[in-house]
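S.K.: For reference, the structure I am asking about is given below.
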Amino acid sequence: MAETDNGISLGQYSQTLDGVKDTLNQSILSIAPEAWQSSLTSILPAHWQEWLLPLMGGPFFLLFLAEWFYQARRGDSSAFHWRRAATNFSLGGSYLGFELIVQALIVLPICLWLYQYRLFTIEVTWLSAIPIFIAVEFSYYWFHRSSHRVNWFWSAHVVHHSDDQMNLSTAMRQSLLYSVTGWWLFFVPLMLLGVHPVWVFFFYAIDLIYQFFIHTETVGKLPKWVEYIFDTPSNHRAHHGTNGEYIDKNYGGVIILFDRWFGTYVEEDAINNPVRYGAVGERSNDNIFQLIFAVFYRMWQQFFHAKGLKNKVKVLFSPPDAV
């Protein structure tokens with residue numbers, strides 16, 4: 001890998017972080033019951049990149065508390081409730097835990113097998129990191145767009161949109177069904193081009209970490225050039241709107257340029273068209289089991305009741321509002 005000006009390569013950083021990963025893994029194994037040792041060993045991260053997102057859980061919770069405290073001091077804490085926060089962080093925790101297990105046992109082995117058939121080998125260096133991240137963001141755009149326009153993917157993503165409030169905890173309102181419905185399929189082309197799957201998942205984790213900060217009403221509109229390039233709190237509030245003008249818009253994760261180029265951008269109009277949060281046709285609640293499985297179960301009910309293969313396929317792959 002390429003050296004930086006001060007002689008430190010990305011590979012050297014990786015070696016240091018691998019040591020941190022080993023320390024974390026051993027710490028967990030040391031306190032786990034002996035009967036769990038074998039199972040835990042098989043699912044604990046094999047690469048330091050896999051620890052990035054799980055380790056953010058604690059800081060995310062503290063930042064949410066800081067947001068709540070700040071809004072309460074301003075006399076505007078109507079969007080904050082302990083029960084809703086507990087629901088959101090419980091959903092986030094189950095999502096992260098299930099992702100670790102499924103990624104270790106199923107997704108990563110499949111992706112590593114596919115990686116054998118790559119066209120090139122694209123090394124991750126300080127110079128290649130930005131274009132690789134933009135490619136990951138491009139893949140995320142299409143994953144996110146499909147999550148709204150394809151019933152199969154919406155059955156997992158609907159959980160995230162089911163909150164009728166907006167604060168930092170909303171970012172944690174995620175479904176453990178994402179791996180079941182196959183979010184990672186949208187990133188396979190990058191692996192076949194030559195980016196190692198672990199690095200693809202790392203940049204995807206960075207994309208998700210950034211998005212935590214845009215689930216807020218605390219920040220208004222930012223300077224025009226920032227709003228033009230990046231997915232900001234304002235742009236993302238519009239994405240969560242059930243107002244007709246806001247539905248199925250602003251799919252970007254970190255940047256909003258793909259939405260502008262592909263005709264899916266809308267600007268938030270907080271004065272004339274305040275955002276109404278939620279998922280169209282779904283009731284916002286705090287029943288975790290129902291939130292995760294209700295739409296998924298309903299989709300399969302429709303699938304088995306549909307007559308003929310064509311109609312069954314339509315149930316799975318048509319837009320949610322067409323089923």
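By order in the structure tokens, chains are A, B, ...; within a chain, residues start at 1; ligands start at 1, following the order shown.
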Report as a list in words all protein, DNA and RNA residues lying within 12 Å of Val20 of chain A, evaluated on only C-alpha atoms, omitting residues in the same chain fewer than 2 positions from it.

M.R.: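 Within the cut-off, the hits are Tyr13, Ser14, Gln15, Thr16, Leu17, Asp18, Asp22, Thr23, Leu24, Asn25, Gln26, Ser27, Pro45, Ala46, His47, Trp48, Gln49, Glu50, Trp51, Leu52 and Leu55 of chain A.
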
S.K.: Near Phe317 of chain A, counting only C-alpha atoms, which residues have an atom at most 10 Å away, once you skip same-chain residues fewer than 4 positions from it, shown as an mmCIF file with N, CA and C atoms, in the first residue's frame?

M.R.:
data_model
loop_
_atom_site.group_PDB
_atom_site.id
_atom_site.type_symbol
_atom_site.label_atom_id
_atom_site.label_comp_id
_atom_site.auth_asym_id
_atom_site.auth_seq_id
_atom_site.Cartn_x
_atom_site.Cartn_y
_atom_site.Cartn_z
ATOM 1 N N SER A 146 -34.339 1.577 -3.617
ATOM 2 C CA SER A 146 -35.046 0.304 -3.734
ATOM 3 C C SER A 146 -35.801 -0.023 -2.455
ATOM 4 N N ARG A 149 -39.046 1.653 -2.986
ATOM 5 C CA ARG A 149 -39.825 1.373 -4.192
ATOM 6 C C ARG A 149 -40.008 -0.119 -4.477
ATOM 7 N N VAL A 150 -39.432 -0.981 -3.659
ATOM 8 C CA VAL A 150 -39.587 -2.431 -3.821
ATOM 9 C C VAL A 150 -40.098 -2.997 -2.506
ATOM 10 N N ASN A 151 -41.248 -3.642 -2.553
ATOM 11 C CA ASN A 151 -41.914 -4.111 -1.343
ATOM 12 C C ASN A 151 -41.025 -5.008 -0.497
ATOM 13 N N TRP A 152 -40.236 -5.870 -1.148
ATOM 14 C CA TRP A 152 -39.352 -6.800 -0.431
ATOM 15 C C TRP A 152 -38.387 -6.048 0.479
ATOM 16 N N PHE A 153 -37.773 -5.005 -0.024
ATOM 17 C CA PHE A 153 -36.816 -4.238 0.775
ATOM 18 C C PHE A 153 -37.529 -3.292 1.743
ATOM 19 N N TRP A 154 -38.688 -2.777 1.335
ATOM 20 C CA TRP A 154 -39.458 -1.896 2.216
ATOM 21 C C TRP A 154 -39.891 -2.631 3.480
ATOM 22 N N ASN A 311 -48.420 -12.832 -10.123
ATOM 23 C CA ASN A 311 -48.960 -12.016 -9.035
ATOM 24 C C ASN A 311 -48.167 -12.176 -7.755
ATOM 25 N N LYS A 312 -47.615 -13.362 -7.533
ATOM 26 C CA LYS A 312 -46.782 -13.581 -6.345
ATOM 27 C C LYS A 312 -45.498 -12.763 -6.430
ATOM 28 N N VAL A 313 -44.887 -12.764 -7.613
ATOM 29 C CA VAL A 313 -43.672 -11.961 -7.820
ATOM 30 C C VAL A 313 -43.989 -10.485 -7.663
ATOM 31 N N ALA A 322 -48.328 -0.181 -4.525
ATOM 32 C CA ALA A 322 -48.985 -0.834 -5.650
ATOM 33 C C ALA A 322 -49.492 -2.231 -5.285
ATOM 34 N N VAL A 323 -49.184 -2.668 -4.077
ATOM 35 C CA VAL A 323 -49.553 -4.025 -3.651
ATOM 36 C C VAL A 323 -50.889 -3.978 -2.934
#

S.K.: With only C-alpha atoms as the counted atoms, please give the residues lying no more than 8 Å from Thr121 of chain A, apart from itself and same-chain residues fewer than 4 positions off, as a list in words.

M.R.: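 Selected residues are Leu193, Gly194 and Val195 of chain A.
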
S.K.: If I take atom CA of Lys310 of chain A and atom CA of Trp142 of chain A, how far is one from the other in Å, to one decimal?

M.R.: 24.3 Å
